[in-house]
$ cat entry.cif   # mmCIF, C-alpha atoms (C1' of nucleotides)
data_model
loop_
_atom_site.label_atom_id
_atom_site.label_comp_id
_atom_site.auth_asym_id
_atom_site.auth_seq_id
_atom_site.Cartn_x
_atom_site.Cartn_y
_atom_site.Cartn_z
CA MET W 1 -8.64 -2.73 -23.30
CA SER W 2 -6.98 -2.13 -19.95
CA ALA W 3 -4.20 0.39 -19.95
CA VAL W 4 -1.95 -2.05 -18.16
CA THR W 5 -2.32 -4.91 -20.56
CA ASP W 6 -2.09 -2.54 -23.54
CA PRO W 7 0.89 -4.07 -25.34
CA LEU W 8 1.84 -0.67 -26.76
CA VAL W 9 2.75 0.51 -23.26
CA TRP W 10 5.39 -2.20 -22.87
CA GLU W 11 6.35 -2.46 -26.55
CA HIS W 12 10.00 -1.87 -25.68
CA VAL W 13 10.14 -5.07 -23.61
CA GLN W 14 11.45 -7.92 -25.75
CA PRO W 15 10.95 -10.79 -26.39
CA ALA W 16 7.18 -11.23 -26.16
CA ALA W 17 7.50 -13.81 -23.36
CA ALA W 18 9.31 -11.29 -21.16
CA ARG W 19 6.58 -8.77 -21.91
CA ARG W 20 3.82 -11.22 -20.99
CA LEU W 21 5.54 -11.91 -17.67
CA LEU W 22 5.91 -8.21 -17.01
CA THR W 23 2.29 -7.30 -17.74
CA GLY W 24 1.16 -10.27 -15.65
CA ALA W 25 3.34 -9.00 -12.82
CA VAL W 26 1.90 -5.47 -13.09
CA ASP W 27 -1.65 -6.83 -12.79
CA ALA W 28 -0.75 -9.15 -9.90
CA PHE W 29 1.29 -6.57 -7.96
CA ALA W 30 -1.46 -3.94 -8.38
CA GLU W 31 -4.18 -6.38 -7.30
CA ARG W 32 -2.54 -8.13 -4.36
CA GLY W 33 0.73 -6.33 -3.66
CA PHE W 34 4.30 -7.49 -4.28
CA GLN W 35 4.63 -9.65 -1.18
CA ALA W 36 1.33 -11.47 -1.71
CA THR W 37 2.15 -12.24 -5.34
CA THR W 38 3.93 -15.52 -6.05
CA THR W 39 6.24 -16.22 -8.95
CA ARG W 40 3.87 -19.09 -9.81
CA ASP W 41 1.02 -16.58 -10.13
CA ILE W 42 3.01 -14.31 -12.44
CA ALA W 43 4.17 -17.22 -14.60
CA SER W 44 0.67 -18.69 -14.91
CA ARG W 45 -0.74 -15.29 -15.97
CA ALA W 46 1.85 -15.37 -18.74
CA GLY W 47 0.87 -18.95 -19.63
CA MET W 48 4.20 -20.38 -18.56
CA SER W 49 5.71 -22.69 -15.96
CA PRO W 50 7.22 -21.18 -12.77
CA ALA W 51 10.75 -21.90 -13.95
CA ALA W 52 10.38 -19.97 -17.22
CA LEU W 53 10.29 -16.68 -15.33
CA TYR W 54 13.97 -17.04 -14.40
CA VAL W 55 15.06 -17.23 -18.03
CA HIS W 56 13.89 -13.62 -18.45
CA TYR W 57 14.34 -12.11 -14.98
CA PRO W 58 16.85 -13.07 -12.27
CA SER W 59 14.39 -12.52 -9.40
CA LYS W 60 10.90 -11.38 -8.48
CA GLU W 61 12.35 -8.12 -7.16
CA ARG W 62 14.00 -7.40 -10.52
CA LEU W 63 10.60 -7.67 -12.19
CA LEU W 64 9.25 -5.13 -9.69
CA PHE W 65 12.17 -2.80 -10.37
CA GLU W 66 11.64 -2.87 -14.15
CA ILE W 67 7.99 -1.94 -13.63
CA SER W 68 8.74 0.73 -11.04
CA LEU W 69 11.55 2.33 -13.03
CA TYR W 70 9.56 2.46 -16.27
CA GLY W 71 6.49 3.74 -14.41
CA HIS W 72 8.43 6.54 -12.74
CA LYS W 73 10.03 7.56 -16.06
CA ALA W 74 6.64 7.56 -17.77
CA ALA W 75 5.10 9.72 -15.03
CA LEU W 76 7.97 12.23 -15.24
CA ASP W 77 7.70 12.34 -19.05
CA VAL W 78 3.99 13.07 -18.78
CA LEU W 79 4.70 16.01 -16.47
CA ARG W 80 7.52 17.43 -18.60
CA SER W 81 5.37 17.28 -21.74
CA ALA W 82 2.47 18.96 -19.95
CA ASP W 83 4.44 21.90 -18.55
CA THR W 84 3.21 24.37 -21.19
CA GLY W 85 1.04 27.48 -21.26
CA PRO W 86 1.41 31.26 -21.22
CA THR W 87 0.84 31.72 -17.46
CA PRO W 88 1.78 29.77 -14.31
CA ALA W 89 -1.95 29.06 -13.80
CA ASP W 90 -2.21 27.48 -17.26
CA ARG W 91 0.92 25.43 -16.64
CA LEU W 92 -0.30 24.23 -13.22
CA ARG W 93 -3.70 23.23 -14.62
CA SER W 94 -2.02 21.35 -17.48
CA LEU W 95 0.42 19.59 -15.11
CA VAL W 96 -2.25 18.49 -12.64
CA ALA W 97 -4.68 17.40 -15.37
CA ALA W 98 -2.03 15.27 -17.07
CA PHE W 99 -0.56 13.79 -13.87
CA THR W 100 -4.01 12.93 -12.52
CA ALA W 101 -5.22 11.43 -15.80
CA TRP W 102 -2.05 9.32 -15.98
CA HIS W 103 -2.66 7.91 -12.50
CA ALA W 104 -6.23 7.00 -13.49
CA GLU W 105 -5.49 5.68 -16.98
CA HIS W 106 -2.51 3.66 -15.75
CA HIS W 107 -3.80 3.00 -12.26
CA THR W 108 -2.33 -0.50 -12.05
CA ILE W 109 1.18 0.69 -12.95
CA ALA W 110 0.66 3.74 -10.73
CA ARG W 111 -0.29 1.55 -7.79
CA VAL W 112 3.00 -0.34 -8.11
CA VAL W 113 4.91 2.93 -8.53
CA GLN W 114 3.36 4.59 -5.48
CA TYR W 115 2.80 1.73 -3.03
CA GLU W 116 5.53 -0.89 -3.59
CA LEU W 117 8.63 1.23 -2.98
CA ALA W 118 9.40 -0.62 0.25
CA ALA W 119 9.84 -3.90 -1.62
CA LEU W 120 12.66 -2.54 -3.79
CA SER W 121 16.30 -3.26 -2.92
CA PRO W 122 18.14 -0.24 -1.44
CA GLU W 123 20.04 0.30 -4.70
CA HIS W 124 16.93 0.15 -6.85
CA LEU W 125 15.02 2.38 -4.44
CA ALA W 126 17.76 5.00 -4.69
CA GLU W 127 17.44 4.98 -8.47
CA VAL W 128 13.68 5.63 -8.51
CA ALA W 129 14.02 8.17 -5.68
CA THR W 130 16.02 10.37 -8.07
CA ILE W 131 13.08 10.40 -10.48
CA ARG W 132 10.64 11.09 -7.65
CA ARG W 133 12.61 14.20 -6.69
CA ALA W 134 12.42 15.43 -10.29
CA ILE W 135 8.64 14.94 -10.27
CA SER W 136 8.31 16.95 -7.09
CA THR W 137 10.57 19.70 -8.45
CA GLN W 138 8.43 20.04 -11.56
CA ILE W 139 5.39 20.98 -9.44
CA GLU W 140 7.36 23.13 -7.02
CA GLN W 141 8.82 25.23 -9.85
CA VAL W 142 5.46 26.23 -11.32
CA LEU W 143 4.22 27.20 -7.84
CA THR W 144 7.35 29.30 -7.34
CA ASP W 145 6.82 30.95 -10.73
CA GLY W 146 3.17 31.66 -9.89
CA VAL W 147 4.11 33.36 -6.66
CA ALA W 148 6.75 35.48 -8.43
CA HIS W 149 4.19 36.31 -11.14
CA GLY W 150 1.71 37.40 -8.47
CA SER W 151 -1.04 35.03 -9.53
CA PHE W 152 -0.52 32.49 -6.71
CA ALA W 153 -0.63 32.97 -2.94
CA VAL W 154 1.23 30.10 -1.26
CA ALA W 155 1.95 30.24 2.47
CA ASP W 156 3.92 26.97 2.68
CA LEU W 157 5.68 26.09 -0.56
CA PRO W 158 6.96 22.55 0.22
CA GLY W 159 3.72 21.69 2.03
CA THR W 160 1.54 22.89 -0.83
CA THR W 161 3.73 21.13 -3.41
CA LEU W 162 3.23 17.89 -1.52
CA ALA W 163 -0.53 18.50 -1.25
CA VAL W 164 -0.88 19.04 -5.01
CA LEU W 165 1.10 15.87 -5.69
CA SER W 166 -0.94 13.98 -3.06
CA LEU W 167 -4.20 14.77 -4.77
CA SER W 168 -3.09 13.07 -7.99
CA ILE W 169 -1.10 10.24 -6.41
CA ASP W 170 -4.01 9.12 -4.23
CA VAL W 171 -6.01 8.49 -7.41
CA ALA W 172 -3.97 5.29 -7.80
CA ARG W 173 -5.38 4.02 -4.49
CA TRP W 174 -9.09 4.32 -5.26
CA TYR W 175 -9.49 4.56 -9.03
CA THR W 176 -11.32 1.92 -11.04
CA PRO W 177 -12.64 2.50 -14.59
CA HIS W 178 -16.25 2.69 -13.37
CA ARG W 179 -15.41 5.74 -11.23
CA GLY W 180 -15.27 8.33 -14.00
CA ASN W 181 -13.00 8.78 -16.98
CA PRO W 182 -9.38 9.90 -16.62
CA ALA W 183 -9.70 13.09 -18.68
CA ALA W 184 -12.73 14.40 -16.75
CA LEU W 185 -11.01 13.60 -13.46
CA GLY W 186 -7.92 15.45 -14.67
CA LYS W 187 -10.01 18.54 -15.45
CA LEU W 188 -11.70 18.45 -12.03
CA TYR W 189 -8.41 18.08 -10.19
CA ALA W 190 -6.75 20.81 -12.27
CA ASP W 191 -9.53 23.12 -11.14
CA LEU W 192 -9.25 22.09 -7.48
CA ALA W 193 -5.46 22.47 -7.46
CA HIS W 194 -5.66 25.87 -9.12
CA ARG W 195 -8.16 27.07 -6.53
CA MET W 196 -5.85 25.82 -3.75
CA VAL W 197 -3.11 28.30 -4.77
CA GLN W 198 -4.98 31.13 -6.50
CA ALA W 199 -4.15 34.61 -5.16
CA MET X 1 6.59 8.73 22.63
CA SER X 2 5.25 7.38 19.35
CA ALA X 3 1.50 7.62 18.91
CA VAL X 4 1.36 3.98 17.98
CA THR X 5 3.13 2.63 20.99
CA ASP X 6 1.29 5.06 23.26
CA PRO X 7 -0.37 2.58 25.62
CA LEU X 8 -3.28 4.95 26.17
CA VAL X 9 -4.40 4.42 22.57
CA TRP X 10 -4.87 0.68 23.10
CA GLU X 11 -5.78 0.81 26.79
CA HIS X 12 -8.99 -1.13 26.10
CA VAL X 13 -7.04 -4.16 24.89
CA GLN X 14 -6.56 -6.60 27.76
CA PRO X 15 -4.52 -8.37 29.02
CA ALA X 16 -1.22 -6.53 28.61
CA ALA X 17 0.28 -9.39 26.56
CA ALA X 18 -2.50 -9.04 23.97
CA ARG X 19 -1.84 -5.30 23.86
CA ARG X 20 1.90 -5.78 23.36
CA LEU X 21 1.18 -8.14 20.45
CA LEU X 22 -1.26 -5.67 18.94
CA THR X 23 1.05 -2.65 19.14
CA GLY X 24 3.88 -4.78 17.76
CA ALA X 25 1.62 -5.77 14.88
CA VAL X 26 0.68 -2.13 14.16
CA ASP X 27 4.35 -1.15 13.93
CA ALA X 28 5.24 -4.16 11.78
CA PHE X 29 2.25 -3.86 9.43
CA ALA X 30 2.86 -0.11 8.97
CA GLU X 31 6.56 -0.65 8.33
CA ARG X 32 6.55 -3.69 6.04
CA GLY X 33 2.91 -4.41 5.15
CA PHE X 34 0.69 -7.25 6.34
CA GLN X 35 1.95 -9.87 3.89
CA ALA X 36 5.63 -9.18 4.58
CA THR X 37 5.14 -9.36 8.33
CA THR X 38 5.60 -12.75 9.97
CA THR X 39 3.92 -13.96 13.13
CA ARG X 40 7.44 -14.51 14.48
CA ASP X 41 8.20 -10.82 13.94
CA ILE X 42 5.06 -9.73 15.78
CA ALA X 43 5.68 -12.12 18.66
CA SER X 44 9.33 -11.11 19.03
CA ARG X 45 8.38 -7.39 19.12
CA ALA X 46 6.11 -8.35 22.04
CA GLY X 47 8.97 -10.28 23.67
CA MET X 48 7.24 -13.64 23.25
CA SER X 49 7.63 -16.91 21.40
CA PRO X 50 5.76 -17.39 18.08
CA ALA X 51 3.25 -19.77 19.67
CA ALA X 52 2.14 -17.30 22.35
CA LEU X 53 0.42 -15.18 19.73
CA TYR X 54 -2.25 -17.83 19.21
CA VAL X 55 -3.31 -17.76 22.86
CA HIS X 56 -4.57 -14.20 22.28
CA TYR X 57 -5.52 -14.14 18.60
CA PRO X 58 -6.74 -17.02 16.41
CA SER X 59 -4.86 -15.83 13.31
CA LYS X 60 -2.67 -13.11 11.86
CA GLU X 61 -5.66 -11.79 9.90
CA ARG X 62 -7.67 -11.41 13.09
CA LEU X 63 -4.94 -9.19 14.51
CA LEU X 64 -5.14 -7.05 11.38
CA PHE X 65 -8.91 -6.84 11.69
CA GLU X 66 -8.78 -5.65 15.31
CA ILE X 67 -6.35 -2.90 14.30
CA SER X 68 -8.31 -1.93 11.22
CA LEU X 69 -11.70 -1.89 12.97
CA TYR X 70 -10.44 0.17 15.91
CA GLY X 71 -8.58 2.53 13.56
CA HIS X 72 -11.65 3.12 11.42
CA LYS X 73 -13.81 3.76 14.50
CA ALA X 74 -11.24 6.20 15.89
CA ALA X 75 -11.06 8.10 12.60
CA LEU X 76 -14.85 8.39 12.41
CA ASP X 77 -15.02 9.55 16.04
CA VAL X 78 -12.46 12.25 15.31
CA LEU X 79 -14.58 13.51 12.42
CA ARG X 80 -17.85 13.46 14.35
CA SER X 81 -16.30 15.37 17.26
CA ALA X 82 -14.82 17.95 14.88
CA ASP X 83 -18.03 18.70 12.97
CA THR X 84 -18.72 21.96 14.83
CA GLY X 85 -18.86 25.65 13.99
CA PRO X 86 -21.37 28.32 13.04
CA THR X 87 -20.87 28.10 9.25
CA PRO X 88 -20.21 25.27 6.76
CA ALA X 89 -16.79 26.83 6.14
CA ASP X 90 -15.91 26.61 9.83
CA ARG X 91 -17.15 23.02 9.97
CA LEU X 92 -15.17 22.00 6.88
CA ARG X 93 -11.99 23.58 8.19
CA SER X 94 -12.44 21.83 11.54
CA LEU X 95 -13.15 18.46 9.89
CA VAL X 96 -10.15 18.61 7.55
CA ALA X 97 -7.80 19.88 10.25
CA ALA X 98 -8.79 17.08 12.63
CA PHE X 99 -8.82 14.29 10.02
CA THR X 100 -5.44 15.36 8.64
CA ALA X 101 -3.87 15.72 12.08
CA TRP X 102 -5.16 12.27 13.04
CA HIS X 103 -3.55 10.70 9.95
CA ALA X 104 -0.25 12.36 10.87
CA GLU X 105 -0.34 11.76 14.62
CA HIS X 106 -1.43 8.13 14.16
CA HIS X 107 0.30 7.56 10.84
CA THR X 108 1.21 3.95 11.60
CA ILE X 109 -2.38 2.99 12.46
CA ALA X 110 -3.59 5.11 9.52
CA ARG X 111 -1.29 3.27 7.15
CA VAL X 112 -2.82 -0.05 8.18
CA VAL X 113 -6.33 1.44 7.94
CA GLN X 114 -5.83 2.87 4.46
CA TYR X 115 -3.47 0.43 2.77
CA GLU X 116 -4.14 -3.05 4.15
CA LEU X 117 -7.84 -3.42 3.29
CA ALA X 118 -7.09 -6.07 0.67
CA ALA X 119 -5.65 -8.41 3.32
CA LEU X 120 -8.90 -8.52 5.31
CA SER X 121 -11.32 -11.43 4.93
CA PRO X 122 -14.46 -10.57 2.90
CA GLU X 123 -16.59 -10.48 6.08
CA HIS X 124 -14.17 -8.24 7.95
CA LEU X 125 -13.76 -5.98 4.91
CA ALA X 126 -17.54 -5.53 4.75
CA GLU X 127 -17.57 -4.43 8.38
CA VAL X 128 -14.97 -1.72 7.96
CA ALA X 129 -16.52 -0.65 4.64
CA THR X 130 -19.62 0.44 6.57
CA ILE X 131 -17.48 2.79 8.66
CA ARG X 132 -15.70 4.07 5.55
CA ARG X 133 -19.04 5.07 4.03
CA ALA X 134 -19.93 6.98 7.19
CA ILE X 135 -16.60 8.83 7.00
CA SER X 136 -17.27 9.81 3.41
CA THR X 137 -20.82 10.92 4.24
CA GLN X 138 -19.55 13.20 6.99
CA ILE X 139 -17.51 15.21 4.47
CA GLU X 140 -20.15 15.11 1.75
CA GLN X 141 -22.80 16.55 4.12
CA VAL X 142 -20.82 19.65 5.01
CA LEU X 143 -20.11 20.29 1.32
CA THR X 144 -23.83 19.92 0.58
CA ASP X 145 -24.67 22.32 3.41
CA GLY X 146 -22.09 24.83 2.16
CA VAL X 147 -23.57 24.80 -1.34
CA ALA X 148 -27.11 25.30 0.07
CA HIS X 149 -25.76 28.08 2.28
CA GLY X 150 -24.22 29.77 -0.75
CA SER X 151 -20.70 29.83 0.63
CA PHE X 152 -19.36 26.89 -1.44
CA ALA X 153 -19.27 26.41 -5.22
CA VAL X 154 -18.91 22.70 -5.99
CA ALA X 155 -19.24 21.48 -9.58
CA ASP X 156 -18.88 17.75 -8.83
CA LEU X 157 -20.03 16.80 -5.32
CA PRO X 158 -18.89 13.13 -5.12
CA GLY X 159 -15.65 13.96 -6.94
CA THR X 160 -14.85 16.87 -4.63
CA THR X 161 -15.76 14.84 -1.53
CA LEU X 162 -13.29 12.20 -2.60
CA ALA X 163 -10.62 14.82 -3.33
CA VAL X 164 -10.97 16.36 0.15
CA LEU X 165 -10.72 12.92 1.73
CA SER X 166 -7.75 12.04 -0.51
CA LEU X 167 -5.76 15.00 0.68
CA SER X 168 -5.90 13.81 4.30
CA ILE X 169 -5.67 10.09 3.62
CA ASP X 170 -2.52 10.42 1.54
CA VAL X 171 -0.80 11.90 4.61
CA ALA X 172 -0.56 8.33 5.93
CA ARG X 173 1.59 7.40 2.92
CA TRP X 174 4.32 10.00 3.31
CA TYR X 175 4.19 11.34 6.87
CA THR X 176 7.05 10.89 9.31
CA PRO X 177 7.48 12.95 12.49
CA HIS X 178 10.35 14.96 10.99
CA ARG X 179 8.05 16.28 8.23
CA GLY X 180 6.16 18.87 10.26
CA ASN X 181 3.85 18.59 13.23
CA PRO X 182 0.30 17.22 12.91
CA ALA X 183 -1.50 20.36 14.09
CA ALA X 184 0.30 22.68 11.66
CA LEU X 185 -0.32 20.24 8.81
CA GLY X 186 -3.99 20.14 9.77
CA LYS X 187 -4.21 23.93 9.61
CA LEU X 188 -2.52 24.06 6.18
CA TYR X 189 -4.79 21.35 4.77
CA ALA X 190 -7.91 22.97 6.25
CA ASP X 191 -6.98 26.13 4.38
CA LEU X 192 -6.27 24.28 1.10
CA ALA X 193 -9.54 22.31 1.30
CA HIS X 194 -11.52 25.45 2.06
CA ARG X 195 -10.02 27.22 -0.93
CA MET X 196 -10.91 24.22 -3.13
CA VAL X 197 -14.64 24.72 -2.53
CA GLN X 198 -14.98 28.44 -1.70
CA ALA X 199 -17.61 30.30 -3.76
"C1'" DG N 1 -0.26 -18.46 29.56
"C1'" DT N 2 4.21 -19.39 28.20
"C1'" DC N 3 7.49 -22.39 26.28
"C1'" DT N 4 9.99 -25.96 22.78
"C1'" DA N 5 9.24 -28.64 18.97
"C1'" DT N 6 7.24 -29.55 14.75
"C1'" DA N 7 3.55 -30.56 11.42
"C1'" DG N 8 2.05 -29.48 6.81
"C1'" DA N 9 2.02 -26.40 3.13
"C1'" DA N 10 3.85 -22.87 0.18
"C1'" DC N 11 7.55 -20.13 -1.17
"C1'" DG N 12 11.72 -18.38 -4.36
"C1'" DA N 13 14.86 -20.22 -7.05
"C1'" DT N 14 17.69 -24.09 -9.45
"C1'" DA N 15 18.95 -28.58 -12.06
"C1'" DG N 16 18.82 -30.93 -15.99
"C1'" DA N 17 16.13 -33.06 -19.93
"C1'" DC N 18 14.52 -31.79 -24.42
"C1'" DG Y 1 13.56 -21.14 -24.16
"C1'" DT Y 2 10.37 -24.13 -22.14
"C1'" DC Y 3 9.39 -27.97 -19.45
"C1'" DT Y 4 9.09 -31.36 -15.04
"C1'" DA Y 5 10.93 -32.15 -10.78
"C1'" DT Y 6 12.67 -30.66 -6.68
"C1'" DC Y 7 15.95 -28.35 -3.35
"C1'" DG Y 8 16.28 -25.78 0.78
"C1'" DT Y 9 13.93 -22.43 3.32
"C1'" DT Y 10 10.32 -20.21 5.59
"C1'" DC Y 11 5.71 -19.68 6.73
"C1'" DT Y 12 1.14 -20.13 9.69
"C1'" DA Y 13 -0.59 -22.69 12.99
"C1'" DT Y 14 -0.82 -26.70 16.34
"C1'" DA Y 15 0.66 -30.27 20.01
"C1'" DG Y 16 1.90 -31.06 24.34
"C1'" DA Y 17 5.05 -30.20 28.45
"C1'" DC Y 18 5.29 -27.15 32.40
#
$ encode --input "entry.cif" --output "structure tokens"
Amino acid sequence: MSAVTDPLVWEHVQPAAARRLLTGAVDAFAERGFQATTTRDIASRAGMSPAALYVHYPSKERLLFEISLYGHKAALDVLRSADTGPTPADRLRSLVAAFTAWHAEHHTIARVVQYELAALSPEHLAEVATIRRAISTQIEQVLTDGVAHGSFAVADLPGTTLAVLSLSIDVARWYTPHRGNPAALGKLYADLAHRMVQA
Amino acid sequence: MSAVTDPLVWEHVQPAAARRLLTGAVDAFAERGFQATTTRDIASRAGMSPAALYVHYPSKERLLFEISLYGHKAALDVLRSADTGPTPADRLRSLVAAFTAWHAEHHTIARVVQYELAALSPEHLAEVATIRRAISTQIEQVLTDGVAHGSFAVADLPGTTLAVLSLSIDVARWYTPHRGNPAALGKLYADLAHRMVQA
DNA sequence: GTCTATAGAACGATAGAC
DNA sequence: GTCTATCGTTCTATAGAC
């Protein structure tokens, strides 16, 4: 079962018809991009006529926003839950493993989250940008703590924060299920990120 | 002067009208994506009517292909020229510094190269895929050499190759000129990549 | 080689029946 | 809440004058 079409992921979307449209939109946006996806395509993936979409969503952009907002919240939740461990090194490894595995496991949602920001309205973009800053802060804080603790050596804090995030985010670009499993990839990337900052 | 609109970069495209269309297309594709860009937009950036585009290019996709093919060749050339140094560590640092700086300096071309592959025709995609494999091989070889030399410790060779490439490629997603200069970013990333694989 | 004009198709979104 | 039908717009690409 694909992570994207896993109904548990979108259980909070009601009624079922709205959920079918939303999961169809995730698959289509991830596969072809927002601009190349037609409302007819989304509706037909949900087994409905083009007009039925507008009963549940006022526009194609609103559908994108619902996906992007939920995806950003889910990614931030994953990071906040993973920020545990006795040392900064343990916390960083846990953060990177979880964030990377999420991008692999949910690579279709992640692709929409990371690569379709430009298609959002200015208001909707501002809303997800707030969450993006919180995600970045979560990584930056553990690096700061590691430097204070003496276990990390970081010459450029904002630059290294961005590099650690980059490593996980880029997974959404290339990942397909046949290219390794999310947990193993998370472990590898946790190791690589730790080595990047180790004193 | 923006790297993209630097006429020296596209000097080989003749006549000048074709070059103006091509640089307009690079800017538009990088800014809005291939699907969201209209032929009218490209033509107006070149100061021409929509119809004039078709005197120089048979389709919008062909314009994308010319940009993507040239961009891939330029990226591979940068890597091949940078693969120098007495030790694998020196070579890796030089490769990552050059590849990263290229993605920053030419971030608009790089964005088209890395994020618009899905809009290419199957035949054109196959052609650039050949170059992409050569790019990947260039990094993988130096990692292999470093392991044989005893200076690198790499648990997962294909996974680490991809991670090193990811770090540079993702620069195209977020880079703007106000976020640091390409050479400094290249140095930082060379250091981070080296630490990722150091024995 | 550039223009104006437009063909022909597809798009997002709406109207109104059931 | 779903359908069929379609509105009004916009798109890629072409025709033909200059």
$ closest_atom_pairs --input "entry.cif" --of "chain Y" --to "chain W" --cutoff "8 Å" --atoms "all atoms listed in the file" --output "CSV"
residue,atom,partner,partner_atom,distance
Y:DG1,C1',W:Val55,CA,7.4
Y:DT2,C1',W:Ala52,CA,6.4
Y:DC3,C1',W:Ser49,CA,7.3
$ residues_around --input "entry.cif" --residues "range 144-159 of chain W" --least-positions-apart "6" --cutoff "9 Å" --atoms "all atoms listed in the file" --output "PyMOL selection string"
(chain W and resi 87-89+92+194+196-199) or (chain X and resi 185+188-189)
$ write_last_selection --input "entry.cif" --atoms "C-alpha atoms" --output "PDB file, in the frame of the given file"
ATOM      1  CA  THR W  87       0.840  31.720 -17.460  1.00  0.00           C
ATOM      2  CA  PRO W  88       1.780  29.770 -14.310  1.00  0.00           C
ATOM      3  CA  ALA W  89      -1.950  29.060 -13.800  1.00  0.00           C
ATOM      4  CA  LEU W  92      -0.300  24.230 -13.220  1.00  0.00           C
ATOM      5  CA  HIS W 194      -5.660  25.870  -9.120  1.00  0.00           C
ATOM      6  CA  MET W 196      -5.850  25.820  -3.750  1.00  0.00           C
ATOM      7  CA  VAL W 197      -3.110  28.300  -4.770  1.00  0.00           C
ATOM      8  CA  GLN W 198      -4.980  31.130  -6.500  1.00  0.00           C
ATOM      9  CA  ALA W 199      -4.150  34.610  -5.160  1.00  0.00           C
TER      10      ALA W 199
ATOM     11  CA  LEU X 185      -0.320  20.240   8.810  1.00  0.00           C
ATOM     12  CA  LEU X 188      -2.520  24.060   6.180  1.00  0.00           C
ATOM     13  CA  TYR X 189      -4.790  21.350   4.770  1.00  0.00           C
TER      14      TYR X 189
END
$ atom_distance --input "entry.cif" --atom1 "CA of Leu120 in chain W" --atom2 "CA of Asp41 in chain W"
19.3 Å
$ resolve_selection --input "entry.cif" --expression "the PyMOL selection byres ((chain Y and resi 9-14) around 10)" --output "list of chain:residue names"
X:Thr38, X:Thr39, X:Arg40, X:Pro50, X:Ala51, X:Tyr54, X:Pro58, X:Ser59, X:Lys60, N:DT6, N:DA7, N:DG8, N:DA9, N:DA10, N:DC11, N:DG12, Y:DC7, Y:DG8, Y:DA15, Y:DG16
$ atom_distance --input "entry.cif" --atom1 "CA of Arg195 in chain X" --atom2 "CA of Arg133 in chain W"
26.7 Å
$ atom_distance --input "entry.cif" --atom1 "CA of Gly24 in chain X" --atom2 "CA of Leu117 in chain X"
18.7 Å
$ interface_residues --input "entry.cif" --of "chain X" --to "chain W" --cutoff "10 Å" --atoms "only C-alpha atoms" --output "CSV table (one decimal) with C-alpha atoms, in the frame of the given file"
chain,number,residue,atom,x,y,z
X,31,GLU,CA,6.6,-0.6,8.3
X,32,ARG,CA,6.6,-3.7,6.0
X,33,GLY,CA,2.9,-4.4,5.2
X,34,PHE,CA,0.7,-7.2,6.3
X,35,GLN,CA,2.0,-9.9,3.9
X,36,ALA,CA,5.6,-9.2,4.6
X,37,THR,CA,5.1,-9.4,8.3
X,114,GLN,CA,-5.8,2.9,4.5
X,115,TYR,CA,-3.5,0.4,2.8
X,116,GLU,CA,-4.1,-3.0,4.2
X,118,ALA,CA,-7.1,-6.1,0.7
X,119,ALA,CA,-5.6,-8.4,3.3
X,154,VAL,CA,-18.9,22.7,-6.0
X,155,ALA,CA,-19.2,21.5,-9.6
X,156,ASP,CA,-18.9,17.8,-8.8
X,159,GLY,CA,-15.6,14.0,-6.9
X,160,THR,CA,-14.8,16.9,-4.6
X,162,LEU,CA,-13.3,12.2,-2.6
X,163,ALA,CA,-10.6,14.8,-3.3
X,164,VAL,CA,-11.0,16.4,0.2
X,165,LEU,CA,-10.7,12.9,1.7
X,166,SER,CA,-7.8,12.0,-0.5
X,167,LEU,CA,-5.8,15.0,0.7
X,168,SER,CA,-5.9,13.8,4.3
X,169,ILE,CA,-5.7,10.1,3.6
X,170,ASP,CA,-2.5,10.4,1.5
X,171,VAL,CA,-0.8,11.9,4.6
X,173,ARG,CA,1.6,7.4,2.9
X,174,TRP,CA,4.3,10.0,3.3
X,179,ARG,CA,8.0,16.3,8.2
X,180,GLY,CA,6.2,18.9,10.3
X,185,LEU,CA,-0.3,20.2,8.8
X,188,LEU,CA,-2.5,24.1,6.2
X,189,TYR,CA,-4.8,21.4,4.8
X,191,ASP,CA,-7.0,26.1,4.4
X,192,LEU,CA,-6.3,24.3,1.1
X,193,ALA,CA,-9.5,22.3,1.3
X,194,HIS,CA,-11.5,25.4,2.1
X,195,ARG,CA,-10.0,27.2,-0.9
X,196,MET,CA,-10.9,24.2,-3.1
X,197,VAL,CA,-14.6,24.7,-2.5
X,198,GLN,CA,-15.0,28.4,-1.7
$ interface_residues --input "entry.cif" --of "chain N" --to "chain X" --cutoff "10 Å" --atoms "all atoms listed in the file" --output "list of chain:residue names"
N:DG1, N:DT2, N:DC3, N:DT4
$ resolve_selection --input "entry.cif" --expression "the PyMOL selection byres ((chain X and resi 18) around 9)" --output "MDAnalysis selection string"
chainID X and resid 13:17 19:23 46 53 55:57
$ residues_around --input "entry.cif" --residues "range 71-80 of chain W" --least-positions-apart "2" --cutoff "7 Å" --atoms "all atoms listed in the file" --output "list in words"
Ile67, Ser68, Leu69, Ala82, Asp83, Leu95, Ala98, Phe99, Ile109, Ala110, Val113, Val128, Ile131 and Ile135 of chain W
$ residues_near_point --input "entry.cif" --point "(-0.5, -6.4, 13.2)" --cutoff "6 Å" --atoms "only C-alpha atoms (C1' of nucleotides)" --output "MDAnalysis selection string"
chainID X and resid 22 25:26 29 63:64
$ resolve_selection --input "entry.cif" --expression "the PyMOL selection byres ((chain N and resi 15) around 10)" --output "ChimeraX atom specification"
/N:14,16-17 /Y:5-7
